[in-house]
>>> print(open('coords_4.cif').read())   # mmCIF, C-alpha atoms
data_protein
#
loop_
_atom_site.label_atom_id
_atom_site.label_comp_id
_atom_site.auth_asym_id
_atom_site.auth_seq_id
_atom_site.Cartn_x
_atom_site.Cartn_y
_atom_site.Cartn_z
CA MET A 1 0.00 0.00 0.00
CA ASP A 2 0.98 3.65 -0.35
CA TYR A 3 1.90 5.88 2.55
CA LYS A 4 -0.52 8.82 2.88
CA ASP A 5 0.74 12.25 3.84
CA TYR A 6 -2.38 13.57 5.54
CA TYR A 7 -0.84 16.98 6.26
CA LYS A 8 0.03 17.49 2.61
CA ILE A 9 -3.44 16.37 1.53
CA LEU A 10 -5.06 19.03 3.72
CA GLY A 11 -2.34 21.57 2.90
CA VAL A 12 -1.42 22.28 6.52
CA GLN A 13 1.84 22.29 8.48
CA LYS A 14 2.76 19.32 10.67
CA ASP A 15 2.36 21.48 13.76
CA ALA A 16 -1.00 22.95 12.72
CA ASP A 17 -3.51 23.27 15.56
CA ALA A 18 -6.91 21.58 15.57
CA ASP A 19 -8.65 24.77 14.45
CA THR A 20 -6.44 25.20 11.37
CA ILE A 21 -6.97 21.58 10.43
CA LYS A 22 -10.73 21.93 10.78
CA LYS A 23 -10.76 25.06 8.62
CA ALA A 24 -8.59 23.47 5.94
CA PHE A 25 -10.84 20.42 5.86
CA ARG A 26 -14.08 22.43 5.65
CA LYS A 27 -12.76 24.54 2.80
CA ALA A 28 -11.53 21.50 0.84
CA ALA A 29 -14.74 19.57 1.58
CA ARG A 30 -16.89 22.37 0.14
CA LYS A 31 -14.68 22.60 -2.91
CA TYR A 32 -14.42 18.91 -3.73
CA HIS A 33 -17.75 17.54 -2.49
CA PRO A 34 -18.90 15.18 -5.28
CA ASP A 35 -22.44 16.56 -5.13
CA VAL A 36 -21.14 20.06 -5.75
CA ASN A 37 -18.08 19.52 -7.94
CA THR A 38 -18.71 17.45 -11.04
CA ASP A 39 -15.06 17.28 -12.16
CA ALA A 40 -13.75 13.78 -12.69
CA GLY A 41 -11.12 13.96 -9.95
CA ALA A 42 -13.27 15.66 -7.30
CA ASP A 43 -14.67 12.45 -5.83
CA ALA A 44 -11.18 11.07 -5.16
CA ARG A 45 -9.96 14.37 -3.71
CA PHE A 46 -12.96 14.53 -1.39
CA LYS A 47 -12.29 11.01 -0.17
CA ASP A 48 -8.66 11.91 0.45
CA VAL A 49 -9.41 15.00 2.51
CA SER A 50 -12.15 13.18 4.47
CA GLU A 51 -9.72 10.41 5.27
CA ALA A 52 -7.01 12.87 6.28
CA TYR A 53 -9.43 14.73 8.54
CA GLU A 54 -10.73 11.50 10.04
CA VAL A 55 -7.19 10.85 11.31
CA LEU A 56 -5.97 14.35 12.11
CA LYS A 57 -9.08 15.54 13.97
CA ASP A 58 -8.66 12.84 16.60
CA PRO A 59 -5.75 13.69 18.96
CA GLU A 60 -4.92 10.04 19.69
CA ARG A 61 -5.08 8.93 16.10
CA ARG A 62 -3.05 11.94 15.07
CA ALA A 63 -0.42 11.12 17.69
CA ALA A 64 -0.24 7.51 16.46
CA TYR A 65 0.02 8.72 12.89
CA ASP A 66 2.74 11.25 13.75
CA ASP A 67 4.63 8.50 15.51
CA LEU A 68 4.87 6.61 12.22
CA GLY A 69 7.13 9.41 11.14
CA ARG A 70 7.87 10.63 7.68
CA GLU A 71 7.20 8.83 4.49
CA PRO A 72 9.93 6.22 4.28
CA LYS A 73 12.07 6.11 1.17
CA PHE A 74 10.57 2.83 0.06
CA ASP A 75 9.32 2.04 -3.37
CA LYS A 76 5.87 3.30 -4.09
CA GLY A 77 3.14 0.96 -2.95
CA ARG A 78 5.39 -1.02 -0.60
CA TYR A 79 4.69 0.78 2.64
CA GLN A 80 4.42 -1.37 5.78
CA PRO A 81 3.85 0.11 9.25
CA PRO A 82 6.57 -0.81 11.75
CA PRO A 83 5.53 -3.61 14.12
CA GLY A 84 3.86 -2.41 17.28
CA TRP A 85 3.47 1.10 15.83
CA ASN A 86 0.25 1.76 17.68
CA ASP A 87 1.20 0.36 21.10
CA GLY A 88 0.16 2.72 23.82
CA PHE A 89 -2.23 4.74 21.69
CA ALA A 90 -5.85 4.30 22.68
CA PHE A 91 -7.64 5.70 19.67
CA SER A 92 -11.10 4.58 18.80
CA GLU A 93 -10.91 2.29 15.85
CA GLY A 94 -13.08 2.30 12.80
CA GLY A 95 -14.13 5.01 10.42
CA PRO A 96 -17.50 6.38 9.43
CA GLN A 97 -19.95 3.52 9.06
CA GLY A 98 -21.70 2.54 5.90
CA GLN A 99 -19.35 4.38 3.58
CA GLU A 100 -17.01 3.25 0.91
CA PRO A 101 -13.65 2.18 2.32
CA PHE A 102 -10.86 4.71 2.60
CA SER A 103 -7.36 3.95 1.28
CA ASP A 104 -5.58 0.70 2.12
CA PHE A 105 -3.32 2.78 4.35
CA PHE A 106 -6.23 3.99 6.48
CA GLU A 107 -8.10 0.70 6.48
CA THR A 108 -5.06 -1.26 7.63
CA LEU A 109 -3.87 1.17 10.27
CA PHE A 110 -7.02 2.65 11.73
CA ARG A 111 -9.96 0.38 11.05
CA ARG A 112 -8.17 -2.61 12.51
CA SER A 113 -10.49 -5.01 14.31
CA ALA A 114 -13.11 -2.32 14.81
CA GLU A 115 -15.78 -4.77 13.79
CA HIS A 116 -14.80 -7.16 16.56
CA ASN A 117 -15.59 -4.65 19.27
CA ALA A 118 -18.83 -3.38 17.84
CA GLY A 119 -21.76 -4.56 19.94
CA MET A 120 -22.33 -7.86 21.66
CA ARG A 121 -25.33 -9.17 19.81
CA PRO A 122 -25.08 -10.27 16.21
CA GLN A 123 -25.75 -7.36 13.94
CA GLN A 124 -27.08 -7.01 10.47
CA GLY A 125 -24.36 -5.65 8.19
CA ALA A 126 -24.74 -2.06 7.09
CA ASP A 127 -26.07 -1.17 3.67
CA SER A 128 -23.48 0.10 1.31
CA HIS A 129 -23.85 2.66 -1.43
CA GLY A 130 -22.08 3.08 -4.71
CA ARG A 131 -22.48 4.44 -8.21
CA ILE A 132 -22.71 2.73 -11.55
CA GLU A 133 -22.21 4.49 -14.87
CA VAL A 134 -24.18 3.04 -17.73
CA SER A 135 -24.50 4.01 -21.37
CA ILE A 136 -27.78 5.23 -22.80
CA GLU A 137 -27.83 2.17 -25.06
CA ASP A 138 -27.58 -0.09 -21.98
CA ALA A 139 -30.49 1.71 -20.35
CA TYR A 140 -32.47 1.38 -23.57
CA ARG A 141 -32.11 -2.36 -23.86
CA GLY A 142 -30.97 -3.54 -20.44
CA ALA A 143 -27.48 -5.02 -20.01
CA ASP A 144 -25.27 -7.11 -17.77
CA ARG A 145 -22.26 -5.41 -16.29
CA VAL A 146 -19.50 -6.52 -13.93
CA LEU A 147 -18.66 -4.17 -11.10
CA THR A 148 -15.54 -4.31 -8.94
CA LEU A 149 -16.12 -3.42 -5.30
CA ARG A 150 -13.53 -2.80 -2.65
CA ALA A 151 -14.36 -3.57 0.95
CA PRO A 152 -12.26 -3.90 4.11
CA VAL A 153 -12.26 -7.44 5.45
CA VAL A 154 -11.13 -8.43 8.94
CA GLY A 155 -9.08 -11.61 8.96
CA PRO A 156 -9.02 -14.14 11.83
CA ASP A 157 -5.98 -12.38 13.31
CA GLY A 158 -7.75 -9.04 13.41
CA GLN A 159 -5.68 -7.75 10.51
CA VAL A 160 -7.59 -5.74 7.95
CA THR A 161 -7.08 -6.17 4.26
CA VAL A 162 -8.95 -4.46 1.51
CA GLN A 163 -10.39 -7.07 -0.78
CA GLU A 164 -11.80 -6.67 -4.21
CA ARG A 165 -14.72 -8.64 -5.41
CA ASN A 166 -16.57 -8.70 -8.66
CA ILE A 167 -20.30 -8.79 -8.82
CA SER A 168 -22.35 -8.98 -11.92
CA VAL A 169 -25.14 -6.47 -12.09
CA HIS A 170 -28.10 -6.54 -14.38
CA VAL A 171 -28.88 -3.03 -15.59
CA PRO A 172 -32.66 -3.08 -15.96
CA LYS A 173 -34.19 -1.82 -19.20
CA GLY A 174 -35.55 1.70 -18.83
CA ILE A 175 -33.38 2.75 -15.90
CA ILE A 176 -32.69 6.49 -15.77
CA ALA A 177 -30.00 8.62 -14.17
CA GLY A 178 -30.66 9.23 -10.48
CA GLN A 179 -32.50 5.96 -9.92
CA HIS A 180 -31.09 3.37 -7.56
CA ILE A 181 -30.84 -0.35 -8.01
CA ARG A 182 -30.75 -2.59 -4.98
CA LEU A 183 -28.67 -5.76 -4.73
CA PRO A 184 -29.91 -7.64 -1.68
CA GLY A 185 -27.20 -9.11 0.55
CA GLN A 186 -24.32 -7.44 -1.30
CA GLY A 187 -23.63 -4.76 1.30
CA HIS A 188 -21.31 -4.94 4.29
CA ALA A 189 -21.02 -8.34 5.93
CA GLY A 190 -22.51 -8.75 9.40
CA GLU A 191 -22.96 -11.62 11.80
CA ALA A 192 -26.70 -11.68 11.19
CA GLY A 193 -26.43 -11.41 7.42
CA ALA A 194 -25.08 -8.84 5.01
CA GLY A 195 -26.71 -5.51 4.28
CA ASP A 196 -27.87 -4.43 0.86
CA LEU A 197 -25.90 -2.68 -1.83
CA PHE A 198 -27.52 0.35 -3.44
CA LEU A 199 -26.15 1.64 -6.72
CA GLU A 200 -27.00 5.10 -7.97
CA VAL A 201 -27.22 5.12 -11.75
CA THR A 202 -25.47 7.81 -13.76
CA PHE A 203 -25.30 8.06 -17.54
CA ALA A 204 -22.00 8.13 -19.37
CA PRO A 205 -21.73 11.19 -21.61
CA HIS A 206 -23.12 10.37 -25.06
CA PRO A 207 -21.82 11.93 -28.29
CA VAL A 208 -25.31 12.35 -29.75
CA PHE A 209 -28.01 12.18 -27.09
CA HIS A 210 -28.39 14.34 -24.00
CA PRO A 211 -30.71 12.71 -21.48
CA ASP A 212 -33.14 14.60 -19.28
CA GLY A 213 -35.13 12.14 -17.20
CA GLN A 214 -36.63 9.71 -19.70
CA ASP A 215 -36.38 12.14 -22.59
CA LEU A 216 -33.45 12.36 -24.96
CA TYR A 217 -32.35 15.52 -26.75
CA LEU A 218 -30.23 15.78 -29.84
CA ASP A 219 -29.27 18.30 -32.50
CA LEU A 220 -30.34 17.16 -35.95
CA PRO A 221 -28.47 18.78 -38.84
CA ILE A 222 -30.51 19.31 -42.02
CA ALA A 223 -29.72 20.82 -45.42
CA PRO A 224 -31.31 24.16 -46.44
CA TRP A 225 -33.46 22.44 -49.11
CA GLU A 226 -34.64 19.82 -46.60
CA ALA A 227 -35.69 22.69 -44.34
CA ALA A 228 -37.36 24.64 -47.12
CA LEU A 229 -39.14 21.80 -48.90
CA GLY A 230 -39.86 19.51 -45.96
CA GLY A 231 -39.92 15.75 -46.33
CA HIS A 232 -38.43 12.70 -44.73
CA VAL A 233 -34.94 12.46 -43.25
CA VAL A 234 -33.28 9.52 -41.51
CA MET A 235 -32.25 10.13 -37.92
CA PRO A 236 -30.64 7.96 -35.22
CA THR A 237 -32.27 6.70 -32.03
CA PRO A 238 -30.57 4.41 -29.49
CA ASP A 239 -32.69 1.66 -31.02
CA GLY A 240 -31.68 2.24 -34.62
CA LYS A 241 -32.51 4.65 -37.39
CA VAL A 242 -35.99 6.03 -37.93
CA ASP A 243 -37.71 8.28 -40.45
CA LEU A 244 -38.56 11.80 -39.38
CA ARG A 245 -40.90 14.04 -41.33
CA ILE A 246 -39.65 17.61 -41.54
CA PRO A 247 -42.36 20.23 -42.08
CA LYS A 248 -42.09 22.74 -44.92
CA ASN A 249 -40.19 25.92 -44.05
CA ALA A 250 -38.58 24.37 -40.97
CA ARG A 251 -36.42 26.70 -38.89
CA THR A 252 -33.16 26.21 -37.04
CA GLY A 253 -33.99 25.63 -33.38
CA GLN A 254 -37.37 24.07 -34.15
CA LYS A 255 -37.97 21.04 -31.94
CA MET A 256 -39.41 17.85 -33.35
CA ARG A 257 -40.86 15.36 -30.91
CA LEU A 258 -40.69 11.61 -31.45
CA LYS A 259 -43.23 10.37 -28.97
CA GLY A 260 -42.32 7.24 -27.05
CA LYS A 261 -38.88 6.90 -28.66
CA GLY A 262 -37.01 8.01 -25.52
CA LEU A 263 -35.99 5.73 -22.68
CA PRO A 264 -38.47 2.86 -22.33
CA GLY A 265 -40.87 2.51 -19.43
CA PRO A 266 -44.47 3.04 -18.63
CA PRO A 267 -44.82 5.60 -20.16
CA ALA A 268 -41.75 5.75 -22.40
CA GLY A 269 -39.91 9.04 -22.77
CA ASP A 270 -39.70 11.09 -25.96
CA ILE A 271 -36.88 12.14 -28.24
CA TYR A 272 -36.60 15.84 -29.00
CA ALA A 273 -34.63 16.64 -32.12
CA THR A 274 -33.61 20.28 -32.45
CA LEU A 275 -33.26 21.14 -36.12
CA LYS A 276 -30.10 22.83 -37.24
CA ILE A 277 -29.80 24.05 -40.82
CA ILE A 278 -26.30 23.53 -42.17
CA ASN A 279 -25.18 25.38 -45.26
CA PRO A 280 -23.18 23.39 -47.77
CA LYS A 281 -19.69 24.73 -48.34
CA VAL A 282 -19.46 26.36 -51.75
CA GLU A 283 -16.45 24.79 -53.42
CA THR A 284 -17.48 24.14 -57.01
CA GLU A 285 -18.61 26.42 -59.84
CA GLU A 286 -22.01 24.70 -59.96
CA ALA A 287 -22.59 25.34 -56.26
CA ARG A 288 -21.56 28.93 -56.65
CA ALA A 289 -23.96 29.31 -59.58
CA PHE A 290 -26.84 27.89 -57.52
CA PHE A 291 -26.30 30.36 -54.72
CA GLU A 292 -25.87 33.26 -57.14
CA GLN A 293 -29.15 32.31 -58.75
CA MET A 294 -30.87 32.24 -55.34
CA ALA A 295 -29.38 35.61 -54.48
CA ARG A 296 -30.76 37.06 -57.74
CA GLU A 297 -34.16 35.45 -57.76
CA LEU A 298 -35.25 35.13 -54.13
CA ALA A 299 -36.46 38.31 -52.50
CA PHE A 300 -35.21 37.39 -49.07
CA ASP A 301 -33.78 39.69 -46.43
CA PRO A 302 -33.04 37.78 -43.23
CA ARG A 303 -32.40 41.12 -41.50
CA ALA A 304 -35.66 42.77 -42.50
CA HIS A 305 -36.85 42.90 -38.88
CA LEU A 306 -33.66 44.46 -37.48
CA MET B 1 -15.14 -14.12 -2.40
CA LYS B 2 -18.85 -13.89 -2.58
CA LYS B 3 -20.82 -15.55 -5.25
CA SER B 4 -21.91 -13.23 -7.99
CA THR B 5 -25.53 -12.32 -8.20
CA LYS B 6 -27.94 -11.19 -10.82
CA SER B 7 -30.95 -10.48 -8.64
CA VAL B 8 -31.46 -6.77 -8.71
CA GLU B 9 -34.43 -4.52 -8.24
CA VAL B 10 -35.02 -0.90 -9.09
CA VAL B 11 -35.74 1.19 -6.04
CA ASP B 12 -38.77 3.16 -7.17
CA ALA B 13 -40.73 3.85 -3.99
CA LEU B 14 -39.65 4.02 -0.35
CA SER B 15 -41.71 4.50 2.79
CA LEU B 16 -40.57 6.99 5.45
CA LYS B 17 -38.97 4.20 7.43
CA ASP B 18 -37.21 2.74 4.38
CA LEU B 19 -35.97 6.16 3.30
CA CYS B 20 -34.54 6.75 6.79
CA GLN B 21 -32.61 3.50 6.58
CA PHE B 22 -31.57 4.25 3.03
CA CYS B 23 -30.13 7.64 4.01
CA GLN B 24 -29.03 6.65 7.51
CA ALA B 25 -31.11 9.50 8.90
CA ASP B 26 -33.87 9.81 11.47
CA GLU B 27 -37.52 10.51 10.73
CA ALA B 28 -37.45 14.02 12.19
CA TRP B 29 -34.81 15.01 9.68
CA VAL B 30 -36.75 13.61 6.71
CA ILE B 31 -39.91 15.35 7.92
CA GLU B 32 -37.97 18.62 8.08
CA LEU B 33 -36.89 18.13 4.45
CA VAL B 34 -40.54 17.61 3.50
CA GLU B 35 -41.49 20.79 5.40
CA HIS B 36 -38.82 22.72 3.51
CA GLY B 37 -40.16 21.39 0.22
CA VAL B 38 -36.98 19.48 -0.62
CA LEU B 39 -38.95 16.24 -0.76
CA SER B 40 -42.54 15.78 -1.88
CA PRO B 41 -43.87 12.38 -0.86
CA ILE B 42 -47.11 10.90 -2.15
CA GLY B 43 -49.73 10.14 0.50
CA GLY B 44 -51.25 12.28 3.24
CA GLN B 45 -49.86 11.10 6.56
CA PRO B 46 -46.18 10.40 7.25
CA LEU B 47 -47.13 6.77 7.89
CA ASN B 48 -48.49 6.49 4.36
CA TRP B 49 -45.78 8.50 2.67
CA GLN B 50 -44.13 7.07 -0.41
CA PHE B 51 -41.02 8.71 -1.79
CA VAL B 52 -40.70 8.13 -5.51
CA GLY B 53 -38.50 9.07 -8.45
CA THR B 54 -36.04 11.91 -7.97
CA ASN B 55 -37.06 12.29 -4.31
CA ILE B 56 -34.87 9.35 -3.41
CA VAL B 57 -31.69 10.68 -4.97
CA ARG B 58 -32.46 14.15 -3.60
CA ALA B 59 -32.79 12.76 -0.09
CA LYS B 60 -29.45 11.02 -0.42
CA LYS B 61 -27.75 14.12 -1.76
CA ALA B 62 -29.30 16.18 1.04
CA ARG B 63 -28.02 13.71 3.60
CA ARG B 64 -24.50 13.77 2.18
CA LEU B 65 -24.41 17.59 2.11
CA ASN B 66 -25.72 17.69 5.66
CA ARG B 67 -23.32 15.06 6.97
CA ASP B 68 -20.19 16.01 5.03
CA LEU B 69 -20.44 19.79 5.04
CA GLY B 70 -22.59 20.39 8.12
CA ILE B 71 -25.29 22.28 6.17
CA ASN B 72 -28.66 22.67 7.89
CA THR B 73 -31.99 21.93 6.24
CA ALA B 74 -32.66 25.41 4.90
CA GLY B 75 -29.12 25.50 3.52
CA VAL B 76 -29.50 22.07 1.95
CA ALA B 77 -32.73 23.17 0.29
CA LEU B 78 -31.01 26.21 -1.19
CA VAL B 79 -27.91 24.29 -2.29
CA LEU B 80 -29.99 21.62 -4.03
CA GLU B 81 -32.05 24.22 -5.88
CA LEU B 82 -28.95 26.08 -7.00
CA LEU B 83 -27.22 22.86 -8.04
CA GLU B 84 -30.22 21.84 -10.13
CA GLU B 85 -30.24 25.25 -11.78
CA ARG B 86 -26.52 25.05 -12.39
CA ASP B 87 -26.83 21.59 -13.93
CA ALA B 88 -29.59 22.79 -16.26
CA VAL B 89 -27.45 25.76 -17.30
CA LEU B 90 -24.43 23.51 -17.86
CA ARG B 91 -26.55 21.19 -20.01
CA ARG B 92 -27.70 24.11 -22.16
CA LEU B 93 -24.18 25.46 -22.37
CA ALA B 94 -22.94 22.07 -23.55
CA GLN B 95 -25.60 22.10 -26.28
CA TYR B 96 -24.60 25.57 -27.44
CA GLU B 97 -20.93 24.65 -27.42
CA ALA B 98 -21.67 21.55 -29.48
CA GLN B 99 -23.26 23.78 -32.13
CA THR B 100 -20.21 25.98 -32.67
#
>>> encode(input="coords_4.cif", output="C-alpha cells")
Amino acid sequence: MDYKDYYKILGVQKDADADTIKKAFRKAARKYHPDVNTDAGADARFKDVSEAYEVLKDPERRAAYDDLGREPKFDKGRYQPPPGWNDGFAFSEGGPQGQEPFSDFFETLFRRSAEHNAGMRPQQGADSHGRIEVSIEDAYRGADRVLTLRAPVVGPDGQVTVQERNISVHVPKGIIAGQHIRLPGQGHAGEAGAGDLFLEVTFAPHPVFHPDGQDLYLDLPIAPWEAALGGHVVMPTPDGKVDLRIPKNARTGQKMRLKGKGLPGPPAGDIYATLKIINPKVETEEARAFFEQMARELAFDPRAHL
Amino acid sequence: MKKSTKSVEVVDALSLKDLCQFCQADEAWVIELVEHGVLSPIGGQPLNWQFVGTNIVRAKKARRLNRDLGINTAGVALVLELLEERDAVLRRLAQYEAQT
C-alpha cells in the first residue's frame, strides 16, 4: 500500500492546531464535495481530505500517525507500518460507518479489528452505497455489467485487508440517471447477514443524445433544401434509425418530438430533435452558380426585422 | 469471495422508514426536508408516505451535504435548488458549445 501524507493532503503544516486543520478540511470539503463539484477527480480528492481529517481531527489517532514518522524512502506501494506502531495509543478504531472504504493505508492502520468490538449481539451488516455508470444504449435495452467493489475485510488475526470482489449487475431496461438499483445481501457483511448494496445510476456522456429524465435531446443537422421543402430524413435513435418528417419551411432551433422513442418505461420518454440548418460549403462552380441564382431570384432579407 | 448475483431490483418507492434507513437519517430530519419542500412524498400522513423518483436521490444528496459539510436543512434546500439550476445551465451550455 501507499503511505498517505495527511498533512500534505489538507495543505497544513505538521504542527497545525486543531482549528487550522478543521478550517482546511471544511474549505476543501466544500470545494471537492462530489455533489457540488462534477469534475472527474473531485470524488477522489474529497475522499482523500475526508480520510485525512478522520485521522488528524482525533488527537490520539493523530499522535499515532505522527509516531509513524515521515514517508519512508521505500518504493511506491510497498509501505508497511513498523511492528507495534500503535502500542500505547488508545484511539477509537473504525471510520465512518456505511461508507465506501478509505485507502488501504487507512483501512489497515485505523480500522483494525473495529468490527470485533462493535456490539455484543449479532448485527445485520450495514447497507453500502455506490455508483454505476451506464450508457444510454444499456439503459435502452438492459445489459449485464461486472462491477468491482472494494471492501475492508477483517481476517481471523484481526488484521484488515482491503479485498476486491466482482459482482455482476443486471442493468434493468428503462433505468434512468438518479434511480437506484438494490442488490440484496451485497452490502457490508454482518454476523446476522449482510446488508444491501444500493447503486446510484449515472449516464455516461453520449456523443449524440443528452438525457433529461426519460427524454433524450439531440441536434439534428438538415440541409437548407430539406428545411425549405420539408420531407423525410433519416435520424438515429438508441434503437436504430428512424424516419422523421420535416415540415415545410422548418427553422433552425425548431424542436421535433418523437413520442415514445425516448428511454423505455411506462410511459416511455420522448426524443426531441432540435433542427439545425447547415449550409453546404461552396467549393465548385455549380454550387456557386446555384447560390448566385438564389441571391438574384429570391427576395429574401433575413435582416428585415432588425 | 462472494458468489456473484444477478438479482437486482429498481428502487422506485420508499416508505418513510425505508428512506430513513436508506439515508441513515432519522424521521425528524426527513420530515424537516418535506417541510422545507426538498422532498414531496405521495400520501397524506407520514405513515403512508411514499417517496418516488427523484425524491430518493435528492434525499441522499441532502443527507451527504448535511453530513459532510454540516449544512442545515434550509441551507441544503437552497444548495440543491442552485445545483439543479446550475446543472440545467451547464446542459444548455454544452448544447450551445456543441453547435459551434
>>> closest_residue(input="coords_4.cif", among="B:Leu82, B:Ala74, B:Val57, B:Leu14", to="chain A", atoms="all atoms listed in the file")
B:Val57
>>> atom_distance(input="coords_4.cif", atom1="atom CA of A:Leu183", atom2="atom CA of B:Cys23")
16.1 Å
>>> residues_around(input="coords_4.cif", residues="A:Asn37", least_positions_apart="5", cutoff="12 Å", atoms="only C-alpha atoms", output="list in words")
Ala28, Ala29, Arg30, Lys31, Tyr32, Ala42, Asp43, Ala44, Arg45 and Phe46 of chain A; Leu83, Arg86 and Asp87 of chain B
>>> closest_residue(input="coords_4.cif", among="A:Leu147, A:Leu109, A:Ala64, A:Met1", to="chain B", atoms="all atoms listed in the file")
A:Leu147
>>> residues_near_point(input="coords_4.cif", point="(-43.8, 6.7, 6.7)", cutoff="10 Å", atoms="all atoms listed in the file", output="number ranges by chain")
B: 14-20, 27, 30-31, 41, 43-51
>>> residues_around(input="coords_4.cif", residues="B:Arg63", least_positions_apart="6", cutoff="12 Å", atoms="only C-alpha atoms", output="PyMOL selection string")
(chain A and resi 35) or (chain B and resi 19-26+29-30+32-33+38+56-57+69-73+75-77+80)
>>> closest_atom_pairs(input="coords_4.cif", of="chain A", to="chain B", cutoff="6 Å", atoms="only C-alpha atoms", output="CSV")
residue,atom,partner,partner_atom,distance
A:Ile167,CA,B:Ser4,CA,4.8
A:Ser168,CA,B:Ser4,CA,5.8
A:Val169,CA,B:Lys6,CA,5.6
A:His170,CA,B:Lys6,CA,5.9
A:Gly178,CA,B:Val57,CA,5.8
A:His180,CA,B:Val11,CA,5.4
A:Ile181,CA,B:Val10,CA,4.4
A:Arg182,CA,B:Glu9,CA,5.3
A:Leu183,CA,B:Val8,CA,5.0
>>> resolve_selection(input="coords_4.cif", expression="the PyMOL selection byres ((chain A and resi 201-211) around 8)", output="list of chain:residue names")
A:Arg131, A:Ile132, A:Glu133, A:Val134, A:Ser135, A:Ile136, A:Ile175, A:Ile176, A:Ala177, A:Gly178, A:Gln179, A:His180, A:Ile181, A:Leu199, A:Glu200, A:Asp212, A:Gly213, A:Gln214, A:Asp215, A:Leu216, A:Tyr217, A:Leu218, A:Asp219
>>> atom_distance(input="coords_4.cif", atom1="atom CA of A:Glu107", atom2="atom CA of A:Gln159")
9.7 Å
>>> resolve_selection(input="coords_4.cif", expression="the PyMOL selection byres ((chain A and resi 248) around 9)", output="compact mmCIF listing (two decimals) with C-alpha atoms, keeping the file's coordinate frame")
# COMPACT_ATOMS: atom_id res chain seq x y z
CA GLU A 226 -34.64 19.82 -46.60
CA ALA A 227 -35.69 22.69 -44.34
CA ALA A 228 -37.36 24.64 -47.12
CA LEU A 229 -39.14 21.80 -48.90
CA GLY A 230 -39.86 19.51 -45.96
CA GLY A 231 -39.92 15.75 -46.33
CA ILE A 246 -39.65 17.61 -41.54
CA PRO A 247 -42.36 20.23 -42.08
CA ASN A 249 -40.19 25.92 -44.05
CA ALA A 250 -38.58 24.37 -40.97
>>> atom_distance(input="coords_4.cif", atom1="atom CA of A:Leu258", atom2="atom CA of A:Pro280")
26.7 Å
>>> residues_near_point(input="coords_4.cif", point="(-7.3, 12.4, 1.0)", cutoff="12 Å", atoms="all atoms listed in the file", output="ChimeraX atom specification")
/A:3-11,25,28-29,32,41-56,102-106
>>> resolve_selection(input="coords_4.cif", expression="the PyMOL selection byres ((chain A and resi 150) around 7)", output="list of chain:residue names")
A:Thr148, A:Leu149, A:Ala151, A:Pro152, A:Val162, A:Gln163, A:Glu164, A:Arg165
